[in-house]
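Below: upload.tsv (TSV, C-alpha atoms and all ligand atoms)
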chain	number	residue	atom	x	y	z
A	29	MET	CA	0.00	0.00	0.00
A	30	ARG	CA	1.18	3.57	-0.75
A	31	TYR	CA	0.61	5.11	2.65
A	32	GLU	CA	1.21	8.63	1.35
A	33	GLU	CA	-1.99	8.22	-0.70
A	34	PHE	CA	-4.08	6.80	2.15
A	35	GLU	CA	-6.77	9.07	3.66
A	36	ARG	CA	-5.06	12.29	2.60
A	37	GLU	CA	-8.31	14.10	3.25
A	38	ARG	CA	-7.69	13.57	6.97
A	39	LEU	CA	-4.58	15.78	6.92
A	40	ASP	CA	-5.80	18.33	4.34
A	41	PRO	CA	-7.79	20.58	6.72
A	42	ILE	CA	-4.79	21.24	9.01
A	43	TYR	CA	-2.06	21.04	6.35
A	44	ASP	CA	-1.58	24.80	5.89
A	45	ILE	CA	-1.53	25.43	9.64
A	46	ILE	CA	1.34	23.01	10.30
A	47	GLU	CA	3.26	23.71	7.08
A	48	PRO	CA	5.32	26.70	8.39
A	49	TYR	CA	6.43	24.72	11.49
A	50	SER	CA	6.86	21.21	10.13
A	51	GLU	CA	10.37	19.97	9.34
A	52	MET	CA	9.04	17.42	6.85
A	53	LYS	CA	8.23	17.61	3.16
A	54	LYS	CA	4.86	16.99	1.54
A	55	ASN	CA	4.96	13.22	0.84
A	56	GLU	CA	6.64	12.66	4.21
A	57	ARG	CA	3.75	14.36	6.03
A	58	TYR	CA	1.11	12.40	4.08
A	59	PHE	CA	3.09	9.17	4.63
A	60	LEU	CA	3.08	9.71	8.42
A	61	ASN	CA	-0.64	10.51	8.33
A	62	GLY	CA	-1.41	7.51	6.09
A	63	ILE	CA	0.51	4.89	8.05
A	64	ILE	CA	-1.29	5.90	11.26
A	65	ARG	CA	-4.69	5.96	9.57
A	66	ALA	CA	-4.04	2.51	8.11
A	67	LEU	CA	-2.56	0.81	11.20
A	68	LYS	CA	-4.70	2.54	13.84
A	69	PRO	CA	-2.07	2.29	16.60
A	70	LYS	CA	-3.22	2.83	20.18
A	71	LYS	CA	0.07	3.69	21.88
A	72	ILE	CA	2.44	5.94	19.95
A	73	LEU	CA	5.83	7.29	20.95
A	74	GLU	CA	7.45	10.24	19.18
A	75	VAL	CA	11.09	11.05	19.95
A	76	GLY	CA	12.22	14.40	18.48
A	77	VAL	CA	9.48	17.03	18.54
A	78	SER	CA	10.92	20.48	17.72
A	79	ALA	CA	7.98	22.88	17.14
A	80	GLY	CA	5.51	20.01	16.98
A	81	GLY	CA	4.76	19.67	13.24
A	82	GLY	CA	4.98	15.85	13.31
A	83	THR	CA	3.25	15.80	16.70
A	84	SER	CA	0.25	17.66	15.26
A	85	ILE	CA	0.05	15.31	12.26
A	86	ILE	CA	0.02	12.29	14.59
A	87	LEU	CA	-2.51	13.78	17.01
A	88	ASN	CA	-4.79	14.77	14.15
A	89	ALA	CA	-4.56	11.23	12.76
A	90	ILE	CA	-5.48	9.56	16.08
A	91	SER	CA	-8.13	12.06	17.20
A	92	ASP	CA	-11.00	9.67	16.36
A	93	ILE	CA	-9.23	6.45	17.48
A	94	GLU	CA	-10.67	5.47	20.82
A	95	GLY	CA	-8.07	4.95	23.54
A	96	ALA	CA	-5.20	6.14	21.33
A	97	LYS	CA	-2.51	8.26	22.97
A	98	LEU	CA	0.71	9.94	21.86
A	99	TYR	CA	3.75	10.25	24.13
A	100	SER	CA	6.44	12.66	22.94
A	101	ILE	CA	9.99	13.13	24.19
A	102	ASP	CA	12.35	15.94	23.29
A	103	TYR	CA	15.87	16.46	24.55
A	104	SER	CA	15.36	20.19	24.61
A	105	GLN	CA	12.97	22.25	26.72
A	106	THR	CA	12.62	24.73	23.87
A	107	ALA	CA	11.76	24.35	20.19
A	108	PHE	CA	14.81	24.19	17.91
A	109	PHE	CA	13.80	27.04	15.56
A	110	PHE	CA	11.69	28.94	18.14
A	111	PRO	CA	13.94	29.14	21.21
A	112	ASP	CA	11.51	31.33	23.13
A	113	LYS	CA	8.81	28.65	22.97
A	114	PRO	CA	8.63	25.16	24.49
A	115	SER	CA	9.18	22.06	22.34
A	116	GLY	CA	5.88	21.03	20.81
A	117	PHE	CA	4.29	24.47	21.38
A	118	LEU	CA	2.31	24.11	18.16
A	119	VAL	CA	-0.13	21.67	19.75
A	120	GLU	CA	-1.06	23.98	22.60
A	121	GLU	CA	-1.20	27.07	20.36
A	122	LYS	CA	-3.07	25.71	17.37
A	123	PHE	CA	-4.68	22.41	18.37
A	124	PRO	CA	-5.76	22.59	22.03
A	125	GLN	CA	-8.50	20.09	21.17
A	126	PHE	CA	-5.79	17.39	20.85
A	127	MET	CA	-4.20	17.98	24.26
A	128	ASP	CA	-6.11	15.23	26.06
A	129	LYS	CA	-4.48	12.54	23.89
A	130	TRP	CA	-0.96	13.85	24.42
A	131	GLN	CA	1.79	13.78	27.04
A	132	ILE	CA	5.22	15.32	26.48
A	133	PHE	CA	8.49	14.81	28.37
A	134	ARG	CA	11.02	17.59	27.82
A	135	GLY	CA	14.69	17.65	28.83
A	136	GLY	CA	17.08	14.75	28.33
A	137	ASP	CA	17.51	11.82	26.01
A	138	ALA	CA	14.75	9.27	25.30
A	139	SER	CA	16.49	6.87	27.68
A	140	ARG	CA	15.71	9.20	30.60
A	141	HIS	CA	11.95	9.07	30.01
A	142	ILE	CA	11.22	5.77	28.33
A	143	GLU	CA	10.33	3.87	31.51
A	144	LYS	CA	7.72	6.53	32.32
A	145	VAL	CA	6.18	5.93	28.88
A	146	GLY	CA	6.19	2.17	29.45
A	147	GLY	CA	5.80	-0.79	27.14
A	148	ASP	CA	3.40	-2.04	24.47
A	149	ILE	CA	4.15	0.78	22.04
A	150	ASP	CA	2.45	0.16	18.67
A	151	LEU	CA	4.16	2.85	16.64
A	152	PHE	CA	7.43	4.71	17.21
A	153	MET	CA	8.23	7.92	15.31
A	154	LEU	CA	11.95	8.71	15.49
A	155	ASP	CA	13.43	12.03	14.33
A	156	THR	CA	16.28	13.27	16.54
A	157	ALA	CA	19.91	14.29	16.04
A	158	HIS	CA	20.81	12.54	12.73
A	159	THR	CA	24.45	12.33	13.77
A	160	HIS	CA	25.77	8.87	14.55
A	161	PRO	CA	25.34	7.15	17.02
A	162	TRP	CA	22.19	8.96	18.13
A	163	GLU	CA	19.38	7.32	16.15
A	164	THR	CA	20.84	3.86	16.80
A	165	MET	CA	21.16	4.63	20.53
A	166	ASN	CA	17.59	5.97	20.61
A	167	PHE	CA	16.24	2.88	18.89
A	168	LEU	CA	18.19	0.50	21.15
A	169	CYS	CA	16.69	2.21	24.21
A	170	VAL	CA	13.14	2.18	22.87
A	171	LEU	CA	13.12	-1.31	21.33
A	172	PRO	CA	12.42	-3.18	24.61
A	173	PHE	CA	9.28	-1.06	24.96
A	174	LEU	CA	7.88	-1.77	21.49
A	175	LYS	CA	5.24	-4.45	21.01
A	176	ARG	CA	7.30	-7.54	20.41
A	177	ASP	CA	5.11	-9.41	17.98
A	178	PHE	CA	4.09	-6.48	15.83
A	179	SER	CA	4.81	-2.76	15.81
A	180	TRP	CA	6.21	-0.18	13.42
A	181	THR	CA	8.95	2.41	13.55
A	182	VAL	CA	8.85	5.46	11.31
A	183	LEU	CA	12.22	7.08	10.73
A	184	HIS	CA	12.66	10.55	9.25
A	185	ASP	CA	15.69	12.01	7.43
A	186	ILE	CA	17.04	8.70	6.12
A	187	THR	CA	18.57	10.51	3.12
A	188	LEU	CA	19.08	13.95	4.65
A	189	TYR	CA	22.54	14.06	3.06
A	190	THR	CA	20.85	14.41	-0.38
A	191	ASP	CA	20.64	18.08	0.52
A	192	PRO	CA	24.14	19.56	0.05
A	193	ASN	CA	23.51	21.76	3.11
A	194	GLY	CA	22.65	18.72	5.23
A	195	ARG	CA	25.40	16.44	4.00
A	196	LEU	CA	27.84	16.81	6.85
A	197	SER	CA	27.59	14.06	9.46
A	198	THR	CA	23.95	13.22	8.89
A	199	ASN	CA	24.29	9.48	8.32
A	200	ALA	CA	22.77	8.22	11.56
A	201	CYS	CA	19.24	7.59	10.24
A	202	ARG	CA	20.55	5.74	7.16
A	203	TYR	CA	22.77	3.52	9.34
A	204	LEU	CA	19.76	2.54	11.43
A	205	PHE	CA	17.37	2.07	8.50
A	206	GLY	CA	19.96	0.00	6.63
A	207	HIS	CA	21.21	-2.12	9.52
A	208	VAL	CA	18.00	-2.94	11.37
A	209	VAL	CA	16.58	-6.37	10.56
A	210	SER	CA	12.93	-6.19	9.61
A	211	GLU	CA	10.39	-8.25	7.69
A	212	GLU	CA	9.31	-5.17	5.80
A	213	LYS	CA	10.78	-1.75	5.08
A	214	ILE	CA	8.72	0.78	3.16
A	215	THR	CA	9.19	4.29	1.84
A	216	PRO	CA	6.85	6.68	0.01
A	217	ALA	CA	7.53	8.26	-3.38
A	218	PRO	CA	10.45	10.64	-2.81
A	219	ASP	CA	9.73	14.35	-2.59
A	220	ASN	CA	12.99	14.92	-4.43
A	221	GLU	CA	12.35	12.75	-7.49
A	222	ALA	CA	15.77	13.48	-8.97
A	223	ALA	CA	17.46	11.93	-5.92
A	224	GLY	CA	15.42	8.76	-6.37
A	225	PHE	CA	15.16	7.76	-2.70
A	226	SER	CA	12.74	8.98	-0.10
A	227	ASN	CA	13.77	10.81	3.07
A	228	ILE	CA	11.29	8.97	5.29
A	229	GLY	CA	10.77	5.27	5.82
A	230	ALA	CA	9.09	2.79	8.11
A	231	PHE	CA	10.02	-0.70	9.18
A	232	LYS	CA	8.08	-3.45	10.84
A	233	VAL	CA	9.36	-4.53	14.25
A	234	SER	CA	8.83	-8.20	14.99
A	235	GLU	CA	10.63	-11.19	16.47
A	236	CYS	CA	13.44	-11.05	13.86
A	237	THR	CA	14.21	-7.43	14.80
A	238	PHE	CA	14.80	-8.49	18.41
A	239	LYS	CA	16.69	-11.60	17.37
A	240	HIS	CA	19.17	-9.64	15.25
A	241	VAL	CA	19.52	-6.60	17.47
A	242	ASN	CA	23.25	-7.33	17.79
A	243	ASN	CA	23.59	-5.82	14.29
A	244	LEU	CA	22.70	-2.49	15.87
A	245	LEU	CA	25.14	-2.96	18.72
A	246	GLU	CA	27.78	-3.59	16.01
A	247	SER	CA	26.83	-0.24	14.41
A	248	LEU	CA	28.04	1.44	17.58
A	249	LEU	CA	31.59	0.62	16.42
A	250	ILE	CA	31.24	2.89	13.37
A	251	PRO	CA	33.10	6.11	14.27
A	252	TRP	CA	30.78	8.53	16.01
A	253	ASP	CA	30.09	11.91	14.45
A	254	ARG	CA	29.03	13.37	17.76
A	255	THR	CA	30.07	12.58	21.29
A	256	VAL	CA	27.64	11.28	23.86
A	257	GLY	CA	27.95	13.26	27.10
A	258	LYS	CA	28.39	11.80	30.58
A	259	ASN	CA	24.77	12.16	31.72
A	260	ASP	CA	23.34	10.75	28.50
A	261	ARG	CA	25.74	7.81	28.66
A	262	GLU	CA	24.58	7.07	32.14
A	263	ASP	CA	20.88	7.24	31.18
A	264	ILE	CA	21.47	5.00	28.16
A	265	ARG	CA	23.74	2.61	30.05
A	266	LYS	CA	21.05	1.98	32.69
A	267	ILE	CA	18.51	1.01	30.02
A	268	ILE	CA	20.91	-1.30	28.17
A	269	GLU	CA	21.98	-2.95	31.42
A	270	LYS	CA	18.40	-3.53	32.50
A	271	TYR	CA	16.78	-4.65	29.23
A	272	TYR	CA	19.56	-6.47	27.34
A	273	SER	CA	21.50	-9.64	28.09
A	274	PRO	CA	24.77	-9.45	30.11
A	275	GLU	CA	26.72	-10.24	26.90
A	276	GLN	CA	25.00	-7.46	25.00
A	277	TYR	CA	25.58	-5.06	27.89
A	278	GLU	CA	29.25	-6.00	27.96
A	279	PHE	CA	29.52	-5.39	24.22
A	280	PHE	CA	27.82	-2.01	24.65
A	281	CYS	CA	30.31	-0.99	27.38
A	282	LYS	CA	33.22	-2.12	25.19
A	283	ALA	CA	31.83	-0.09	22.28
A	284	LEU	CA	31.80	3.05	24.48
A	285	LYS	CA	35.42	2.43	25.47
A	286	PHE	CA	36.31	1.79	21.83
A	287	GLN	CA	34.85	5.17	20.82
A	288	ASP	CA	36.79	6.83	23.65
A	289	TYR	CA	39.93	5.22	22.27
A	290	LEU	CA	39.16	6.55	18.77
A	291	ALA	CA	38.54	10.02	20.17
A	292	GLU	CA	41.86	9.94	22.05
A	293	HIS	CA	43.74	8.89	18.91
A	294	PRO	CA	42.39	11.16	16.17
A	295	ALA	CA	43.83	11.13	12.65
A	296	SER	CA	45.96	14.26	12.23
A	297	PHE	CA	46.23	15.92	8.84
A	298	LYS	CA	50.05	15.81	9.12
A	299	ASN	CA	50.08	12.05	9.73
A	300	VAL	CA	47.59	11.36	6.94
A	301	MET	CA	49.75	13.35	4.49
A	302	LYS	CA	52.87	11.53	5.65
A	303	THR	CA	51.19	8.17	4.96
A	304	VAL	CA	49.93	9.28	1.56
A	305	MET	CA	53.42	10.50	0.58
A	306	LYS	CA	55.08	7.33	1.84
A	307	HIS	CA	52.77	5.06	-0.16
A	308	SER	CA	52.57	7.13	-3.30
A	309	THR	CA	56.28	7.92	-3.67
A	310	PRO	CA	57.16	5.05	-6.10
A	311	GLY	CA	54.12	5.91	-8.18
A	312	VAL	CA	55.09	9.57	-8.31
A	313	PHE	CA	58.67	8.70	-9.29
A	314	ASN	CA	57.49	6.31	-12.04
A	315	PHE	CA	55.10	8.94	-13.31
A	316	LEU	CA	57.86	11.58	-13.51
A	317	ARG	CA	60.30	9.11	-15.12
A	318	LYS	CA	57.73	8.28	-17.80
A	319	ILE	CA	57.17	11.95	-18.60
A	320	LYS	CA	60.95	12.52	-18.88
A	321	HIS	CA	61.42	9.42	-21.06
A	322	SER	CA	58.48	10.22	-23.32
A	323	VAL	CA	59.53	13.85	-23.84
A	324	SER	CA	63.15	12.97	-24.63
A	325	ARG	CA	62.20	10.12	-27.03
A	326	ASN	CA	59.51	11.70	-29.12
A	327	LYS	CA	57.63	14.80	-28.26
A	328	THR	CA	54.43	13.59	-30.02
A	329	THR	CA	54.30	10.12	-28.41
A	330	GLN	CA	51.26	9.49	-26.19
A	331	MET	CA	52.37	8.97	-22.66
A	332	GLU	CA	51.66	5.47	-21.35
A	333	VAL	CA	50.23	5.14	-17.95
B	1	LIG	C1	14.61	17.30	13.33
B	1	LIG	S1	13.91	17.86	14.82
B	1	LIG	C2	12.35	17.04	14.91
B	1	LIG	C3	11.36	17.55	13.90
B	1	LIG	C4	9.96	17.06	14.10
B	1	LIG	N1	9.89	15.62	14.19
B	1	LIG	C5	9.02	17.54	13.00
B	1	LIG	O1	8.41	16.70	12.34
B	1	LIG	O2	8.90	18.76	12.80
B	1	LIG	C6	14.90	17.05	15.98
B	1	LIG	C7	14.46	17.22	17.43
B	1	LIG	O3	15.02	16.12	18.15
B	1	LIG	C8	15.44	16.55	19.43
B	1	LIG	N2	16.46	15.61	19.90
B	1	LIG	C9	17.77	15.52	19.50
B	1	LIG	N3	18.37	14.49	20.13
B	1	LIG	C10	17.45	13.91	20.92
B	1	LIG	C11	17.48	12.80	21.82
B	1	LIG	N4	18.59	12.09	22.01
B	1	LIG	N5	16.34	12.48	22.50
B	1	LIG	C12	15.21	13.22	22.31
B	1	LIG	N6	15.12	14.28	21.46
B	1	LIG	C13	16.22	14.62	20.79
B	1	LIG	C14	15.92	17.98	19.18
B	1	LIG	O4	15.87	18.74	20.39
B	1	LIG	C15	14.94	18.48	18.12
B	1	LIG	O5	13.85	19.13	18.70

Encoded form (structure tokens):
Amino acid sequence: MRYEEFERERLDPIYDIIEPYSEMKKNERYFLNGIIRALKPKKILEVGVSAGGGTSIILNAISDIEGAKLYSIDYSQTAFFFPDKPSGFLVEEKFPQFMDKWQIFRGGDASRHIEKVGGDIDLFMLDTAHTHPWETMNFLCVLPFLKRDFSWTVLHDITLYTDPNGRLSTNACRYLFGHVVSEEKITPAPDNEAAGFSNIGAFKVSECTFKHVNNLLESLLIPWDRTVGKNDREDIRKIIEKYYSPEQYEFFCKALKFQDYLAEHPASFKNVMKTVMKHSTPGVFNFLRKIKHSVSRNKTTQMEV
């Protein structure tokens, strides 16, 4: 099913209100609306709120689903592009009628709040830092709280680096979307047709996702693009220790130490240049010798390489 086509008329009436605040593109917004309308989840978790564009789409989509509730978590007290307003302010300002189906936790990583949200989550919307290892860390901390037999995770910005302005260190969502084991991964038609791949996707979480979660622990060995501070490490560590096996917890702790080692031994430009020169020297000499030989033998001869 093309979720971006499903029940579009549900989102249409509020589309123009959220548009100036939403950090998603058109098909991405309709995809989020459509997947919720089709799956009718009861317990939804959103991590990464900003002004509340995605939050409003979700709340609008569940407003007629009896017993449905959205829990949101944002690291920051204030909205990223509106620093004088709280994260998720859009809901209170524009959609007060949705407030009774919503609870937000502000301040700190998802790992700090996830136990308050609790288990049996049907749908998880993840849109946080985009710099590795954050999305993988977020997913590892939320996974034990997702419905084990059947739930879905929606992940935004999986090709953010298509945008030349967003190319730097924005691989985290792609690492997670690519490495997670899932029975089904889906994406809508891309908003940027020339790029060919969509910037939002969803994957089914089921037994195989849990079984192969070590793939995601392995991803933590990919060099990190952003450090994880002491308090966040502690919040995350507690969740991994409590909800994963002792072997997985040990691997996690080793991965943290490994990243510390990498950070303490950075590649310096001088050393990289030294290595390049050392390895390319014979090639450079051969190249120069060939030019000299070719010029002295016959000025019109094509140079062999
Ligand atoms: C790209 S914005 C979210 C946009 C929003 N989903 C939308 O549709 O408009 C990223 C948000 O994630 C939050 N964030 C970053 N790292 C986080 C973390 N580890 N846990 C929770 N929130 C985080 C940031 O404070 C920011 O508000």

Would you list the residues that come within 9 Å of ligand LIG 1 (chain B)? Count all atoms listed in the file and give the answer as a PDB file with C-alpha atoms, keeping the file's coordinate frame.
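Done, and the output landed in selection.pdb:
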ATOM      1  CA  TYR A  49       6.430  24.720  11.490  1.00  0.00           C
ATOM      2  CA  SER A  50       6.860  21.210  10.130  1.00  0.00           C
ATOM      3  CA  GLU A  51      10.370  19.970   9.340  1.00  0.00           C
ATOM      4  CA  MET A  52       9.040  17.420   6.850  1.00  0.00           C
ATOM      5  CA  ARG A  57       3.750  14.360   6.030  1.00  0.00           C
ATOM      6  CA  GLU A  74       7.450  10.240  19.180  1.00  0.00           C
ATOM      7  CA  VAL A  75      11.090  11.050  19.950  1.00  0.00           C
ATOM      8  CA  GLY A  76      12.220  14.400  18.480  1.00  0.00           C
ATOM      9  CA  VAL A  77       9.480  17.030  18.540  1.00  0.00           C
ATOM     10  CA  SER A  78      10.920  20.480  17.720  1.00  0.00           C
ATOM     11  CA  ALA A  79       7.980  22.880  17.140  1.00  0.00           C
ATOM     12  CA  GLY A  80       5.510  20.010  16.980  1.00  0.00           C
ATOM     13  CA  GLY A  81       4.760  19.670  13.240  1.00  0.00           C
ATOM     14  CA  GLY A  82       4.980  15.850  13.310  1.00  0.00           C
ATOM     15  CA  THR A  83       3.250  15.800  16.700  1.00  0.00           C
ATOM     16  CA  SER A  84       0.250  17.660  15.260  1.00  0.00           C
ATOM     17  CA  ILE A  85       0.050  15.310  12.260  1.00  0.00           C
ATOM     18  CA  SER A 100       6.440  12.660  22.940  1.00  0.00           C
ATOM     19  CA  ILE A 101       9.990  13.130  24.190  1.00  0.00           C
ATOM     20  CA  ASP A 102      12.350  15.940  23.290  1.00  0.00           C
ATOM     21  CA  TYR A 103      15.870  16.460  24.550  1.00  0.00           C
ATOM     22  CA  SER A 104      15.360  20.190  24.610  1.00  0.00           C
ATOM     23  CA  GLN A 105      12.970  22.250  26.720  1.00  0.00           C
ATOM     24  CA  THR A 106      12.620  24.730  23.870  1.00  0.00           C
ATOM     25  CA  ALA A 107      11.760  24.350  20.190  1.00  0.00           C
ATOM     26  CA  PHE A 108      14.810  24.190  17.910  1.00  0.00           C
ATOM     27  CA  PHE A 109      13.800  27.040  15.560  1.00  0.00           C
ATOM     28  CA  SER A 115       9.180  22.060  22.340  1.00  0.00           C
ATOM     29  CA  GLY A 116       5.880  21.030  20.810  1.00  0.00           C
ATOM     30  CA  ARG A 134      11.020  17.590  27.820  1.00  0.00           C
ATOM     31  CA  GLY A 135      14.690  17.650  28.830  1.00  0.00           C
ATOM     32  CA  GLY A 136      17.080  14.750  28.330  1.00  0.00           C
ATOM     33  CA  ASP A 137      17.510  11.820  26.010  1.00  0.00           C
ATOM     34  CA  ALA A 138      14.750   9.270  25.300  1.00  0.00           C
ATOM     35  CA  SER A 139      16.490   6.870  27.680  1.00  0.00           C
ATOM     36  CA  ARG A 140      15.710   9.200  30.600  1.00  0.00           C
ATOM     37  CA  MET A 153       8.230   7.920  15.310  1.00  0.00           C
ATOM     38  CA  LEU A 154      11.950   8.710  15.490  1.00  0.00           C
ATOM     39  CA  ASP A 155      13.430  12.030  14.330  1.00  0.00           C
ATOM     40  CA  THR A 156      16.280  13.270  16.540  1.00  0.00           C
ATOM     41  CA  ALA A 157      19.910  14.290  16.040  1.00  0.00           C
ATOM     42  CA  HIS A 158      20.810  12.540  12.730  1.00  0.00           C
ATOM     43  CA  TRP A 162      22.190   8.960  18.130  1.00  0.00           C
ATOM     44  CA  GLU A 163      19.380   7.320  16.150  1.00  0.00           C
ATOM     45  CA  MET A 165      21.160   4.630  20.530  1.00  0.00           C
ATOM     46  CA  ASN A 166      17.590   5.970  20.610  1.00  0.00           C
ATOM     47  CA  HIS A 184      12.660  10.550   9.250  1.00  0.00           C
ATOM     48  CA  ASP A 185      15.690  12.010   7.430  1.00  0.00           C
ATOM     49  CA  ASP A 260      23.340  10.750  28.500  1.00  0.00           C
TER      50      ASP A 260
END

Separation of CA of Val208 in chain A from CA of Leu174 in chain A, in Å and rounded to one decimal: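 Pair CA of Val208 in chain A / CA of Leu174 in chain A returns 14.4 Å.
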
Top pick for closest residue to Lys53 in chain A, considering A:Ile268, A:Ala66, A:Ala217, A:Ala230 and counting only C-alpha atoms: A:Ala217

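Pairwise distance (CA of Phe34 in chain A, CA of Arg65 in chain A) equals 7.5 Å.
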
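Proximity of A:Pro161, A:Gly206, A:Val304, A:Tyr99 to Gln131 in chain A, computed with all atoms listed in the file, is greatest for A:Tyr99.
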
Between CA of Trp252 in chain A and CA of Phe225 in chain A - distance in Å to one decimal: 24.4 Å

Near Glu33 in chain A, within 12 Å and counting all atoms listed in the file, which residues show up once chain neighbours fewer than 6 positions away are dropped, as a PDB file with C-alpha atoms, keeping the file's coordinate frame?
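Okay, part-v6.pdb is ready:
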ATOM      1  CA  LEU A  39      -4.580  15.780   6.920  1.00  0.00           C
ATOM      2  CA  ASP A  40      -5.800  18.330   4.340  1.00  0.00           C
ATOM      3  CA  LYS A  54       4.860  16.990   1.540  1.00  0.00           C
ATOM      4  CA  ASN A  55       4.960  13.220   0.840  1.00  0.00           C
ATOM      5  CA  GLU A  56       6.640  12.660   4.210  1.00  0.00           C
ATOM      6  CA  ARG A  57       3.750  14.360   6.030  1.00  0.00           C
ATOM      7  CA  TYR A  58       1.110  12.400   4.080  1.00  0.00           C
ATOM      8  CA  PHE A  59       3.090   9.170   4.630  1.00  0.00           C
ATOM      9  CA  LEU A  60       3.080   9.710   8.420  1.00  0.00           C
ATOM     10  CA  ASN A  61      -0.640  10.510   8.330  1.00  0.00           C
ATOM     11  CA  GLY A  62      -1.410   7.510   6.090  1.00  0.00           C
ATOM     12  CA  ILE A  63       0.510   4.890   8.050  1.00  0.00           C
ATOM     13  CA  ARG A  65      -4.690   5.960   9.570  1.00  0.00           C
ATOM     14  CA  ALA A  66      -4.040   2.510   8.110  1.00  0.00           C
ATOM     15  CA  PRO A 216       6.850   6.680   0.010  1.00  0.00           C
ATOM     16  CA  ALA A 217       7.530   8.260  -3.380  1.00  0.00           C
TER      17      ALA A 217
END
